Structures are given as C-alpha cells and as structure tokens.
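A.B. asks: I have a structure I would like to understand better, so I am pasting it below and will then ask my questions one at a time.
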Amino acid sequence: MNTVPTLTFWAPLLCLIAFLIVIAITYAYRHRGEGSYKEGTEQAEVFLSGEDVPEEGLRHIRAHNMYWGFFEAMKRYYDPTVRAHSGIVNDYLIWLLALTAMTGVALFAAGLF
Amino acid sequence: MDALTAHSSILAIAIPLLAAFITPLIGRLDSRVRNVFVVVVLTFVEFLVLVLARDVYANGIHVYTLGAAAPSLTVPENYMVPVRIVLEVDGLGVFMGIISATVALAGAVYSIACVKNETGQDRFYTLLFLLTVGMLGIQFTGDLFNLFVFLEILSISGAALAAFRTRFVDAVEGGFKYLIVSTVAALMVLFATGLFYGQYNVLNIAAIADAMQYTVLDKIALTLLIAALLTKSGAVPSHWWVPDTYTPAPAGTSPIIYAASLTCLSAMFRVAFTLYGIKMSMATIGWLVIIAGLLSMFIGVTMALRQTDVKRLMVYHVISQEGYMLLGVGVGIAVLGDSQALAAYGREAIAGGLFHLINNAFFKGLLLLTGEALFFRLGTRDLNSMGGMGRNMKWTCAFFLVGALAISGVPPFNGFASKLMIYEASYQLNPMLTIIALIVSIMTLASFTKVFQSAFTGPQLPEYKDVREVPLSMKVGMGLLAGATLFISLFPGPVVNTIIYPATDALLNRAGYISAVMGGG
Amino acid sequence: MTEVFANVPFLAVAALICVAVYIIMSQRNLIKIVMGVAILESAVNLFLVALGYRHGGIAPIFTDAPGTLMVLPVPQALTLTSIVIGVATTALMLTLIMLIYRHTGETDAEKSRRVKG
C-alpha cells in the first residue's frame, strides 16, 4: 500500500492555488465588516464586556495562565512526573541503569519462550 | 572528480578535523577572515557529502579502506576478514550526512552574529567543527570501535559547547550532566565492543554481522548497545539530560547538538537492523522501541505544556518528536521477521520514521534558532515577561510560524506528510499506537499556540519598544533551515523517493551491507 | 580451581563495575560521582586487556621473540585509546565541577542544581 502520493510538480501548484483561495475567502469576510464607525470616539476603544480595561503594559495574558484547567484535571499524572524531573545527576544514572536492566530482562525472558 | 568521489568519505571527516585546529591560528590574525573560513569549509563539506550521495545512489554502497593500496581493498591478501578501518557509506549514511552537513552550515552562519560579543570565539568554532567531525564519523564508519571514538568526540565537544557561556550557572550544569551521562553510555558501548572482539576477533560491523551467532554474550551486548544509544539520543526513560543540556546551548549550536542526538539514533538503527538484523528477537526489541517511542511522545509533550522558558519548551518537543521516529522505526523492527507484513507496512513505517527524522532536523532546528533569537534580543527566555514581539521581529515571527505549523503536522507542511506515513503504517500493527500519536500531535499544536500567543501576539509592551530585528547572519541561518523545510513541504514525493527510500532499503538490506566489505555472498 | 584462577581478571571486572555503579547511583558529592565514572572506565579497560590474554603467551613483539604464541595486541590498542579518552573526559568533568562550585558554592548534586522540571 503506497501511502506517499506521487504528485511531482503539481503539488506546489495545488498548494499555491489553495493558499490563494483561502486568502480570497478571508478578504471577502473582512470586506463584510462594519465600515461606518467614527474615529477617535468611544467606538474605537477596547471593550472587555464592561470590565475595566487595564493600562497598556498590563493587558497581555502571561504564559503561566494558559491551560490551567488542563493541568488541574491531570493533577494526578503531573505531580509525580514533575517531581521525577528532579535535576539530580544520580537520578539520571539510576534511570539509565534501570533501562539497561529492563531491556536485559525483556530480551532474556523472550529467549526462554 | 573521480578521485574526489573515491576519497570523499574520508575527506568529509578529515577536512573539518584539520580546520578545527587551524581556526584558532586564523582567528589570531583577523576574526572576520576566520568567520569566512568557517563558512567556506562547512560549505565544502556539504559539497563533499552531496558528491558522496550521488556516488552512493548511482553505484551502491561506497567503501573506503584506510591505509590500503586502493580504497576498495577491504580484505587483504591471504586474510579472511578485514583488518583495517573501513568506512562504509550506504543510503542511511548519506541521508544522515546530508542532515548533519546542512544543519552544521546553518548553525555556523547563525552563530557568526550571535557569538560576536562572547570571549573565546576561536574555541567556539573549533568545538563546532569537532562536533561536525563526530557526527559525520559515526554516520560514515563501518567499524565498531571507530564508532565509539567518534561518539566520545561528539560527547566531549557537545558538552563543552553546552557549557560554553560559563557565566550562566545552568549552562555549566547542563554541560556537566550531559558529559556524565554520555561517558557512562559510551563505556557501555565500549564494553559491548569488547564482548564482540572476544567472541569473533573482528571489530568491523559487517564482519561481526557475518559471524553473528546470537549467543548469551551477544544478547548482553545488544542490551548494552540499545540502552546506551537510546540514552544518547534522548528517549524516555533516559531523557532527563536533554532539557538541561539543550536549553543553555549558545547561538546556533542547539540544532547541531540535536543533529548529534539524531546521529546516535541512526547508530541505534544500524545496530538493530544491520549488526543483528534477523538474528535477534525482533519482536521484543521492536516493541521495546515502540513503547519507548510512545512514552517519549507523551511525556515530552505533557512536560512541554507546563514550561514557561521558551527554549526549554521547545526542547521537550525534541523528546516528543523523537518518539515519533522511534514509533515508526520500532514498527519496522517488530515486523522484520514477517516478510509479508514488512512489505505491506513495515517498510512504510521505517520510511515514515526516517522522513520524520529529516523533517525534524530542519524545522525543530529552525524553532530552536528562533528561541535563541528571542533570547539574543530580549535577554530573557521567560515567556511570562514577553509579549508583542510579532510587531518588532517580523522575520523571526514568520520563521517561527513555519516551524510551528510544520511540527504540529498541519498540511501542507512536511510534518504532516511524515506523520501521515507513520500513522498509516502503525495503525496496521495496533490502532492504539495511532490514537496516542494523534493525541500527542494535538497537544504539540497546543503548546506552540501557547508560545505564539505569549511571545509574538499581543499589544506592544512598553519595555520592548526599541527591540529591533536580529542581524543578517542570524536571518540567513534561520532562512536556510526554513528554505529546506519549505522545499521538502512542496516536493515530498521526489524527496522521499530520492533520499528516504534508499535509506530504508539500506537498513533492510543486511546482506548487501555485509557483502560490500566481505566480498561476494 | 584453575577455572577460578583463570577467570580472576573477569571477576575483578565484575567487582569493579558493581562498586562503580553503586558509587554513581548513591553518592551525592559531584567529585565522588566523577570518581565512580573513573572506576567504571578502569573496569572496562581491564576487561579489554584481560580478554586478549592467551595462556602461555608472550608480549606481541616479533623482534627476538622467544616463542610464537602471543597475546592479542588489538585490545591493548583499544585500551590505550580508551585511557586517553578517559583522561580528556575526566579533565572536562572536573573543570565543570569547579565552575559549578564557583557559581553556587556547593558540590552536592541536590543542593547545587539550579534547573529542574
């Protein structure tokens, strides 16, 4: 079963045509936006559902806030895993020897059957 | 030109080795001349590797005997086994050689602007050349002890490069941990070499493969080799050193150290397919590699989601993507004895794994360079303090987007093509493998969305108003890898047929590898 | 009994490997870990030299040789290379420990780490 398609020089042409079609659709959407607004008034300000808008330097959402729901849900997996990444050299070597031992046991056990 | 082709394999190793030690002498004269010299030598090495590739694709396995009257006289008169060091370059060797040479060139060009303000630049370029020598040596050699020596060259220069900026404590720590783990792994390889020599009295890989009888000592040697080379390439459960070492690596050396780990991965493939091949218990080793791949994928990407250091996040993806390569090739090893399954999906799986390897070397290298570019301009790697860089650093943002979409497997980039091959082939062995791989792919996209949102989008932060774009040489270095990524994305079919399938068939053609050195059947 | 005597080098290799593995797994002082790695290197070098021995063999030098049965010279060459590589890696490891001490003031593996997770 040959999974790699043998398109040769048609492939970039198709990519380019698909890209142009997507750009055309994007511009069509943006063109349908509301064009009639008054510059410099309240209509052009940032709106946060009625909340106070923080000042310029504090508006950006920082990285440690992302995916917190995922981390809370997977807490039982994450706590031992993060603790295992301890940064101590001895642990690194223990795992290397454990990998060797597991491989050896698997190989010799497979040879017995 | 014929002479150059015949000697290209040894020249590709010897010229960077010589240049490594000439560079400090030239650096004493003038630093700009030294930078030009570095780029010229690495371009010439790339040219040599391409000449060698053309020879291998046209004429079959390229053999070079060091010290013989003619390069192809592997077995001397009245001898039964090869006694000299033999370089044996097949499809896999030139495949990895092309990757190493291109990534080394891109990294060196990138480093020219990035290392400008450091002290000891001469030693930086010497170590860079030695790392390239180590990589090409492992890829081209046909002798097991030679592989050990080049593995140690690679480890020492990699550790010294990781610890290059000694003013940062995490750099020194990363280099130290890399060196300890690498030395123990390399000693395991040396012990296995001793076991082979004690039994068969030869060090040549083809000669050992010819005489292989899979005794108890050979099983011990297989255990040591697989565990040591999996550790050197950064697969779970010995991946702990990878984030500590790659994150503080300076300038353009992160992609080159990554290519060095991929080289150790290809050495593992060489051991599993050529040294042992059908003589070992293929299903056991195959499933071991598959399970290592699945764990690498999952643990790599879930730890990556948590990181707030931009380079450390990208480095956990190194572990995760190596899991894909291990999954693909592991499926191939598992069905190595079943010729029907091998023809149906085993060959596709190995080809998918190798295609993912070359794609990763390019787009992951590109992403590591963009992370270093952010550090170069902002002085920090902490995502919590970045924002709005897409306005100031437009080129870096564009390169980051190319890399992030490619690594997440978004069509039409090359990451999608190689992941599709791996999914289709591994599904036929066990559907669970494909499901886990798909989930990991989604989480990869999630973590790069996190980096894109934190670092590049968002309003202009007042403290970064004056940050400019990176210098020209860094843009050229990133552009080289981005260009390679886009080239493979646009022409996946020709690339796979020209480079990947010969490498796959070279791995599967154990008899051909043996007869190229031992001569006739 | 002669079986045990003939295999004493290999038993010594096994003992040294056990000692070295115990050291690198359990000792926290960075310099002791490097010493453990050095003992592991010595063990592997001893293994290489020991597997070349032939009973009753002489040194592999042809000039004025008193007999023709010689020990294998190739493992001796491998061992020399390995010793030199060991010197280089040990020197680099100790230099890095000095730099870690200069930064953190600690040589304990747990107290001197600055990166984790």
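Labeling convention for the structure tokens: chains A, B, ... as they appear, residues from 1 per chain, ligands from 1 in order of appearance.
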Restrict the calculation to only C-alpha atoms, then for each residue of chain B with any atom at most 10 Å from an atom of chain C give the closest atom pair and their distance in Å to one decimal, rows by chain and rising residue number, as a Markdown table.

C.D. replies:
```
| residue | atom | partner | partner_atom | distance |
| --- | --- | --- | --- | --- |
| B:Phe145 | CA | C:Leu78 | CA | 7.7 |
| B:Asn146 | CA | C:Leu78 | CA | 9.9 |
| B:Phe148 | CA | C:Ser82 | CA | 9.3 |
| B:Val149 | CA | C:Ile85 | CA | 8.1 |
| B:Glu152 | CA | C:Ile85 | CA | 7.4 |
| B:Ile153 | CA | C:Ile85 | CA | 8.6 |
| B:Ser155 | CA | C:Thr89 | CA | 9.0 |
| B:Ile156 | CA | C:Thr89 | CA | 6.7 |
| B:Ala159 | CA | C:Leu92 | CA | 8.7 |
| B:Ala160 | CA | C:Leu92 | CA | 7.9 |
| B:Ala163 | CA | C:Leu96 | CA | 8.1 |
| B:Thr166 | CA | C:Leu99 | CA | 7.4 |
| B:Arg167 | CA | C:His103 | CA | 8.3 |
| B:Phe168 | CA | C:His103 | CA | 8.4 |
| B:Val169 | CA | C:His103 | CA | 6.2 |
| B:Asp170 | CA | C:Arg114 | CA | 6.3 |
| B:Ala171 | CA | C:Ile100 | CA | 9.6 |
| B:Val172 | CA | C:Leu96 | CA | 6.2 |
| B:Glu173 | CA | C:Ile100 | CA | 6.7 |
| B:Gly174 | CA | C:Val115 | CA | 8.7 |
| B:Gly175 | CA | C:Leu96 | CA | 7.6 |
| B:Phe176 | CA | C:Leu96 | CA | 6.0 |
| B:Lys177 | CA | C:Met93 | CA | 9.1 |
| B:Tyr178 | CA | C:Met93 | CA | 9.9 |
| B:Leu179 | CA | C:Met93 | CA | 7.0 |
| B:Ile180 | CA | C:Met93 | CA | 7.5 |
| B:Val181 | CA | C:Val37 | CA | 9.7 |
| B:Ser182 | CA | C:Thr89 | CA | 9.8 |
| B:Thr183 | CA | C:Thr89 | CA | 7.5 |
| B:Val184 | CA | C:Val37 | CA | 6.9 |
| B:Ala186 | CA | C:Glu41 | CA | 9.9 |
| B:Leu187 | CA | C:Glu41 | CA | 6.7 |
| B:Met188 | CA | C:Val44 | CA | 8.5 |
| B:Leu190 | CA | C:Val44 | CA | 7.4 |
| B:Phe191 | CA | C:Val44 | CA | 6.1 |
| B:Ala192 | CA | C:Val44 | CA | 9.9 |
| B:Thr193 | CA | C:Leu48 | CA | 9.1 |
| B:Gly194 | CA | C:Leu48 | CA | 5.8 |
| B:Leu195 | CA | C:Leu51 | CA | 8.6 |
| B:Tyr197 | CA | C:Pro75 | CA | 8.2 |
| B:Gly198 | CA | C:Leu51 | CA | 6.0 |
| B:Gln199 | CA | C:Leu51 | CA | 9.4 |
| B:Asn201 | CA | C:Val74 | CA | 9.2 |
| B:Val202 | CA | C:Val74 | CA | 9.5 |
| B:Leu203 | CA | C:Val74 | CA | 9.6 |
| B:Trp240 | CA | C:Gly117 | CA | 9.4 |
| B:Pro243 | CA | C:Gly117 | CA | 9.0 |
| B:Asp244 | CA | C:Val115 | CA | 7.0 |
| B:Met303 | CA | C:Gly117 | CA | 8.0 |
| B:Ala304 | CA | C:Gly117 | CA | 9.9 |
| B:Arg306 | CA | C:Gly117 | CA | 9.0 |
| B:Gln307 | CA | C:Gly117 | CA | 8.3 |
| B:Arg312 | CA | C:Gly117 | CA | 9.8 |
```

A.B. asks: Take the residues just selected and output them with N, CA and C atoms as a compact mmCIF listing (two decimals), in the first residue's frame.

C.D. replies:
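What landed in out24.txt:
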```txt
# COMPACT_ATOMS: atom_id res chain seq x y z
N PHE B 145 34.68 0.07 16.87
CA PHE B 145 35.48 0.84 17.81
C PHE B 145 35.63 2.27 17.33
N ASN B 146 35.70 2.44 15.99
CA ASN B 146 35.74 3.78 15.42
C ASN B 146 34.48 4.55 15.81
N PHE B 148 32.81 4.12 18.56
CA PHE B 148 32.99 4.54 19.96
C PHE B 148 33.83 5.81 20.05
N VAL B 149 34.94 5.85 19.27
CA VAL B 149 35.82 7.02 19.36
C VAL B 149 35.09 8.29 18.90
N GLU B 152 32.64 9.49 21.46
CA GLU B 152 33.25 10.27 22.54
C GLU B 152 33.63 11.66 22.08
N ILE B 153 34.13 11.81 20.82
CA ILE B 153 34.44 13.14 20.30
C ILE B 153 33.19 14.00 20.33
N SER B 155 30.53 13.59 22.22
CA SER B 155 30.08 13.89 23.58
C SER B 155 30.90 15.02 24.19
N ILE B 156 32.23 14.92 24.05
CA ILE B 156 33.08 15.93 24.70
C ILE B 156 32.83 17.30 24.10
N ALA B 159 29.38 18.62 25.13
CA ALA B 159 29.31 19.10 26.50
C ALA B 159 30.02 20.43 26.65
N ALA B 160 31.19 20.55 25.99
CA ALA B 160 31.92 21.82 26.10
C ALA B 160 31.13 22.95 25.45
N ALA B 163 28.23 24.06 27.71
CA ALA B 163 28.69 24.83 28.86
C ALA B 163 29.47 26.05 28.45
N THR B 166 30.02 30.24 30.29
CA THR B 166 30.23 29.80 31.68
C THR B 166 29.72 30.80 32.69
N ARG B 167 29.28 32.00 32.22
CA ARG B 167 28.75 32.95 33.21
C ARG B 167 27.34 32.56 33.66
N PHE B 168 26.69 31.63 32.93
CA PHE B 168 25.37 31.17 33.35
C PHE B 168 25.51 29.84 34.06
N VAL B 169 24.93 29.73 35.26
CA VAL B 169 25.13 28.50 36.02
C VAL B 169 24.40 27.34 35.39
N ASP B 170 23.25 27.61 34.71
CA ASP B 170 22.52 26.48 34.14
C ASP B 170 23.25 25.91 32.93
N ALA B 171 24.08 26.74 32.27
CA ALA B 171 24.86 26.22 31.15
C ALA B 171 25.90 25.22 31.63
N VAL B 172 26.63 25.60 32.68
CA VAL B 172 27.68 24.71 33.21
C VAL B 172 27.07 23.42 33.72
N GLU B 173 25.90 23.57 34.40
CA GLU B 173 25.24 22.39 34.94
C GLU B 173 24.78 21.45 33.83
N GLY B 174 24.23 22.07 32.75
CA GLY B 174 23.76 21.25 31.63
C GLY B 174 24.89 20.50 30.97
N GLY B 175 26.04 21.17 30.77
CA GLY B 175 27.18 20.51 30.16
C GLY B 175 27.70 19.37 31.03
N PHE B 176 27.74 19.58 32.35
CA PHE B 176 28.24 18.55 33.26
C PHE B 176 27.35 17.31 33.21
N LYS B 177 26.02 17.54 33.27
CA LYS B 177 25.12 16.38 33.28
C LYS B 177 25.22 15.61 31.97
N TYR B 178 25.33 16.34 30.84
CA TYR B 178 25.46 15.69 29.55
C TYR B 178 26.71 14.82 29.53
N LEU B 179 27.83 15.36 30.07
CA LEU B 179 29.08 14.63 30.00
C LEU B 179 29.04 13.36 30.83
N ILE B 180 28.48 13.45 32.05
CA ILE B 180 28.40 12.26 32.91
C ILE B 180 27.57 11.16 32.23
N VAL B 181 26.37 11.53 31.76
CA VAL B 181 25.50 10.52 31.15
C VAL B 181 26.15 9.96 29.89
N SER B 182 26.76 10.84 29.07
CA SER B 182 27.38 10.37 27.83
C SER B 182 28.54 9.44 28.10
N THR B 183 29.36 9.75 29.12
CA THR B 183 30.52 8.90 29.38
C THR B 183 30.07 7.51 29.81
N VAL B 184 29.07 7.44 30.69
CA VAL B 184 28.61 6.11 31.12
C VAL B 184 28.03 5.34 29.93
N ALA B 186 28.80 5.72 26.72
CA ALA B 186 29.88 5.34 25.81
C ALA B 186 30.68 4.16 26.37
N LEU B 187 30.84 4.11 27.70
CA LEU B 187 31.55 2.97 28.29
C LEU B 187 30.77 1.68 28.07
N MET B 188 29.42 1.79 28.08
CA MET B 188 28.63 0.60 27.78
C MET B 188 28.86 0.16 26.34
N LEU B 190 31.61 0.60 24.67
CA LEU B 190 32.96 0.02 24.62
C LEU B 190 32.96 -1.40 25.18
N PHE B 191 32.20 -1.62 26.24
CA PHE B 191 32.10 -2.96 26.81
C PHE B 191 31.50 -3.92 25.79
N ALA B 192 30.46 -3.47 25.08
CA ALA B 192 29.86 -4.33 24.06
C ALA B 192 30.85 -4.63 22.95
N THR B 193 31.66 -3.62 22.56
CA THR B 193 32.69 -3.84 21.54
C THR B 193 33.68 -4.90 22.02
N GLY B 194 34.07 -4.81 23.30
CA GLY B 194 34.97 -5.81 23.86
C GLY B 194 34.36 -7.21 23.79
N LEU B 195 33.05 -7.31 24.11
CA LEU B 195 32.38 -8.61 24.03
C LEU B 195 32.42 -9.17 22.62
N TYR B 197 34.65 -8.41 20.26
CA TYR B 197 36.01 -8.78 19.87
C TYR B 197 36.42 -10.09 20.50
N GLY B 198 36.01 -10.28 21.77
CA GLY B 198 36.37 -11.51 22.46
C GLY B 198 35.80 -12.75 21.79
N GLN B 199 34.60 -12.61 21.21
CA GLN B 199 33.99 -13.78 20.59
C GLN B 199 34.44 -13.98 19.16
N ASN B 201 36.76 -11.91 17.20
CA ASN B 201 38.08 -11.44 16.79
C ASN B 201 38.05 -10.42 15.67
N VAL B 202 36.97 -9.71 15.46
CA VAL B 202 36.91 -8.64 14.46
C VAL B 202 36.21 -7.45 15.09
N LEU B 203 36.53 -6.24 14.56
CA LEU B 203 35.84 -5.04 15.02
C LEU B 203 34.94 -4.45 13.94
N TRP B 240 16.32 12.67 30.71
CA TRP B 240 16.39 13.72 31.72
C TRP B 240 17.45 14.75 31.39
N PRO B 243 16.62 18.34 28.41
CA PRO B 243 16.27 19.74 28.61
C PRO B 243 17.39 20.55 29.25
N ASP B 244 18.11 19.94 30.22
CA ASP B 244 19.15 20.71 30.89
C ASP B 244 20.28 21.09 29.95
N MET B 303 5.10 17.48 29.45
CA MET B 303 6.01 18.36 30.21
C MET B 303 6.21 19.67 29.46
N ALA B 304 6.16 19.63 28.12
CA ALA B 304 6.37 20.86 27.36
C ALA B 304 5.25 21.86 27.62
N ARG B 306 3.81 22.59 30.27
CA ARG B 306 3.95 23.30 31.53
C ARG B 306 5.03 24.37 31.53
N GLN B 307 5.95 24.31 30.57
CA GLN B 307 7.15 25.15 30.69
C GLN B 307 6.84 26.61 30.43
N ARG B 312 13.25 25.81 26.76
CA ARG B 312 13.02 24.53 27.43
C ARG B 312 11.75 23.88 26.91
```

A.B. asks: If we count only C-alpha atoms, what is near Phe62 (chain C) at a cut-off of 12 Å, once residues fewer than 5 positions away on the same chain are taken out, given as a list in words?

C.D. replies: Gly67, Thr68, Leu69, Met70, Val71 and Pro73 of chain C

A.B. asks: Mind writing the picked residues with N, CA and C atoms as an mmCIF file, in the first residue's frame?

C.D. replies:
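Listed below is the output, out17.cif:
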```cif
data_model
loop_
_atom_site.group_PDB
_atom_site.id
_atom_site.type_symbol
_atom_site.label_atom_id
_atom_site.label_comp_id
_atom_site.auth_asym_id
_atom_site.auth_seq_id
_atom_site.Cartn_x
_atom_site.Cartn_y
_atom_site.Cartn_z
ATOM 1 N N GLY C 67 59.148 -17.191 21.514
ATOM 2 C CA GLY C 67 58.171 -18.204 21.114
ATOM 3 C C GLY C 67 57.241 -17.619 20.075
ATOM 4 N N THR C 68 56.225 -18.385 19.684
ATOM 5 C CA THR C 68 55.306 -17.851 18.681
ATOM 6 C C THR C 68 53.912 -17.569 19.218
ATOM 7 N N LEU C 69 53.566 -18.072 20.418
ATOM 8 C CA LEU C 69 52.228 -17.811 20.942
ATOM 9 C C LEU C 69 52.242 -16.455 21.634
ATOM 10 N N MET C 70 51.440 -15.499 21.094
ATOM 11 C CA MET C 70 51.431 -14.146 21.644
ATOM 12 C C MET C 70 50.040 -13.769 22.116
ATOM 13 N N VAL C 71 49.984 -12.854 23.076
ATOM 14 C CA VAL C 71 48.672 -12.317 23.472
ATOM 15 C C VAL C 71 48.183 -11.384 22.376
ATOM 16 N N PRO C 73 47.248 -8.231 20.422
ATOM 17 C CA PRO C 73 47.640 -6.826 20.555
ATOM 18 C C PRO C 73 46.506 -5.835 20.347
#
```

A.B. asks: Figure out the distance between CA of Asn360 (chain B) and CA of Leu13 (chain A), please, to one decimal in Å.

C.D. replies: 24.5 Å

A.B. asks: Tell me, counting only C-alpha atoms, for each residue of chain B within 6 Å of chain A, which pair of atoms is nearest and how far apart they are in Å to one decimal, in rows ordered by chain and increasing number, as CSV.

C.D. replies:
```
residue,atom,partner,partner_atom,distance
B:Thr223,CA,A:Gly104,CA,5.4
B:Ala227,CA,A:Thr100,CA,5.2
B:Ser238,CA,A:Leu96,CA,5.6
B:Leu383,CA,A:Ala63,CA,5.8
B:Asn384,CA,A:Arg62,CA,5.0
B:Ser454,CA,A:Ala63,CA,5.5
B:Gly458,CA,A:His60,CA,5.9
B:Leu461,CA,A:Gly57,CA,5.3
B:Leu490,CA,A:Pro12,CA,5.1
B:Gly493,CA,A:Thr6,CA,5.4
```

A.B. asks: How about saving the chosen residues, N, CA and C atoms kept, as a JSON list (two decimals), in the first residue's frame?

C.D. replies:
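Now in part11.json:
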```json
[["chain", "number", "residue", "atom", "x", "y", "z"],
["B", 223, "THR", "N", 21.77, -5.68, 24.67],
["B", 223, "THR", "CA", 21.15, -4.89, 25.74],
["B", 223, "THR", "C", 21.92, -3.60, 25.98],
["B", 227, "ALA", "N", 20.45, 0.18, 25.07],
["B", 227, "ALA", "CA", 20.20, 1.11, 26.18],
["B", 227, "ALA", "C", 21.10, 2.34, 26.07],
["B", 238, "SER", "N", 15.39, 7.75, 29.55],
["B", 238, "SER", "CA", 16.68, 8.37, 29.86],
["B", 238, "SER", "C", 16.77, 9.73, 29.20],
["B", 383, "LEU", "N", 8.81, 33.22, 29.21],
["B", 383, "LEU", "CA", 7.64, 33.60, 28.43],
["B", 383, "LEU", "C", 6.75, 34.55, 29.19],
["B", 384, "ASN", "N", 6.81, 34.51, 30.53],
["B", 384, "ASN", "CA", 5.95, 35.39, 31.31],
["B", 384, "ASN", "C", 6.28, 36.85, 31.14],
["B", 454, "SER", "N", 2.04, 33.96, 23.73],
["B", 454, "SER", "CA", 2.77, 34.67, 24.78],
["B", 454, "SER", "C", 3.84, 35.56, 24.22],
["B", 458, "GLY", "N", -0.23, 39.92, 20.84],
["B", 458, "GLY", "CA", -0.49, 40.77, 21.99],
["B", 458, "GLY", "C", -0.08, 42.20, 21.71],
["B", 461, "LEU", "N", 4.43, 45.90, 24.24],
["B", 461, "LEU", "CA", 4.78, 46.16, 25.63],
["B", 461, "LEU", "C", 5.75, 47.35, 25.68],
["B", 490, "LEU", "N", 7.07, 21.32, -0.31],
["B", 490, "LEU", "CA", 6.49, 21.45, -1.62],
["B", 490, "LEU", "C", 6.70, 20.21, -2.48],
["B", 493, "GLY", "N", 7.08, 14.01, -2.49],
["B", 493, "GLY", "CA", 7.24, 12.77, -3.25],
["B", 493, "GLY", "C", 8.65, 12.57, -3.76]]
```

A.B. asks: What are the DSSP strand (DSSP E or B) residues of chain C, as a list of chain:residue names?

C.D. replies: C:Asn29, C:Ile58, C:Met70, C:Asp108

A.B. asks: Using DSSP on the backbone coordinates, identify all residues within chain C classified as helix (DSSP H, G or I); present the result as a PyMOL selection string.

C.D. replies: chain C and resi 2-6+8-26+30-50+74-104

A.B. asks: Please measure the separation of CA of Asp2 (chain B) and CA of Phe44 (chain B), giving the value in Å to one decimal.

C.D. replies: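 CA of Phe44 (chain B) lies at a distance of 16.5 Å from CA of Asp2 (chain B).
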
A.B. asks: Please provide the set of residues having any atom within 12 Å of Ala58 (chain B), restricted to only C-alpha atoms, with same-chain residues fewer than 6 positions apart removed, written as a count of residues only.

C.D. replies: 7

A.B. asks: Please, what distance in Å, to one decimal, runs between CA of Tyr214 (chain B) and CA of Lys279 (chain B)?

C.D. replies: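 CA of Tyr214 (chain B) sits 6.5 Å away from CA of Lys279 (chain B).
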
A.B. asks: Could you check which of C:Gln76, C:Asn29, C:Leu16, C:Ala91 is closest to chain A, using only C-alpha atoms?

C.D. replies: C:Asn29

A.B. asks: Name the closest residue to chain A among the candidates C:Val87, C:Ala109, C:Gly36, C:Thr2; distances are taken between atoms, counting only C-alpha atoms.

C.D. replies: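 Among C:Val87, C:Ala109, C:Gly36, C:Thr2, it is C:Ala109 that comes nearest to chain A.
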
A.B. asks: Have a look at B:Ile256, B:Ile61, B:Met282, B:Ile436 and name the one nearest to Gly142 (chain B); count only C-alpha atoms.

C.D. replies: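 Among the listed residues, the smallest separation from Gly142 (chain B) belongs to B:Ile61.
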
A.B. asks: Which residues come within 6 Å of Met297 (chain B), counting only C-alpha atoms, excluding same-chain residues fewer than 2 positions away, as a PyMOL selection string?

C.D. replies: chain B and resi 294-295+299-300+320+323

A.B. asks: Calculated over only C-alpha atoms, which of the candidates C:Val84, C:Cys18, C:Ile58, C:Ala77 has the smallest distance to chain A?

C.D. replies: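 Going through C:Val84, C:Cys18, C:Ile58, C:Ala77 one by one, the smallest distance to chain A is for C:Cys18.
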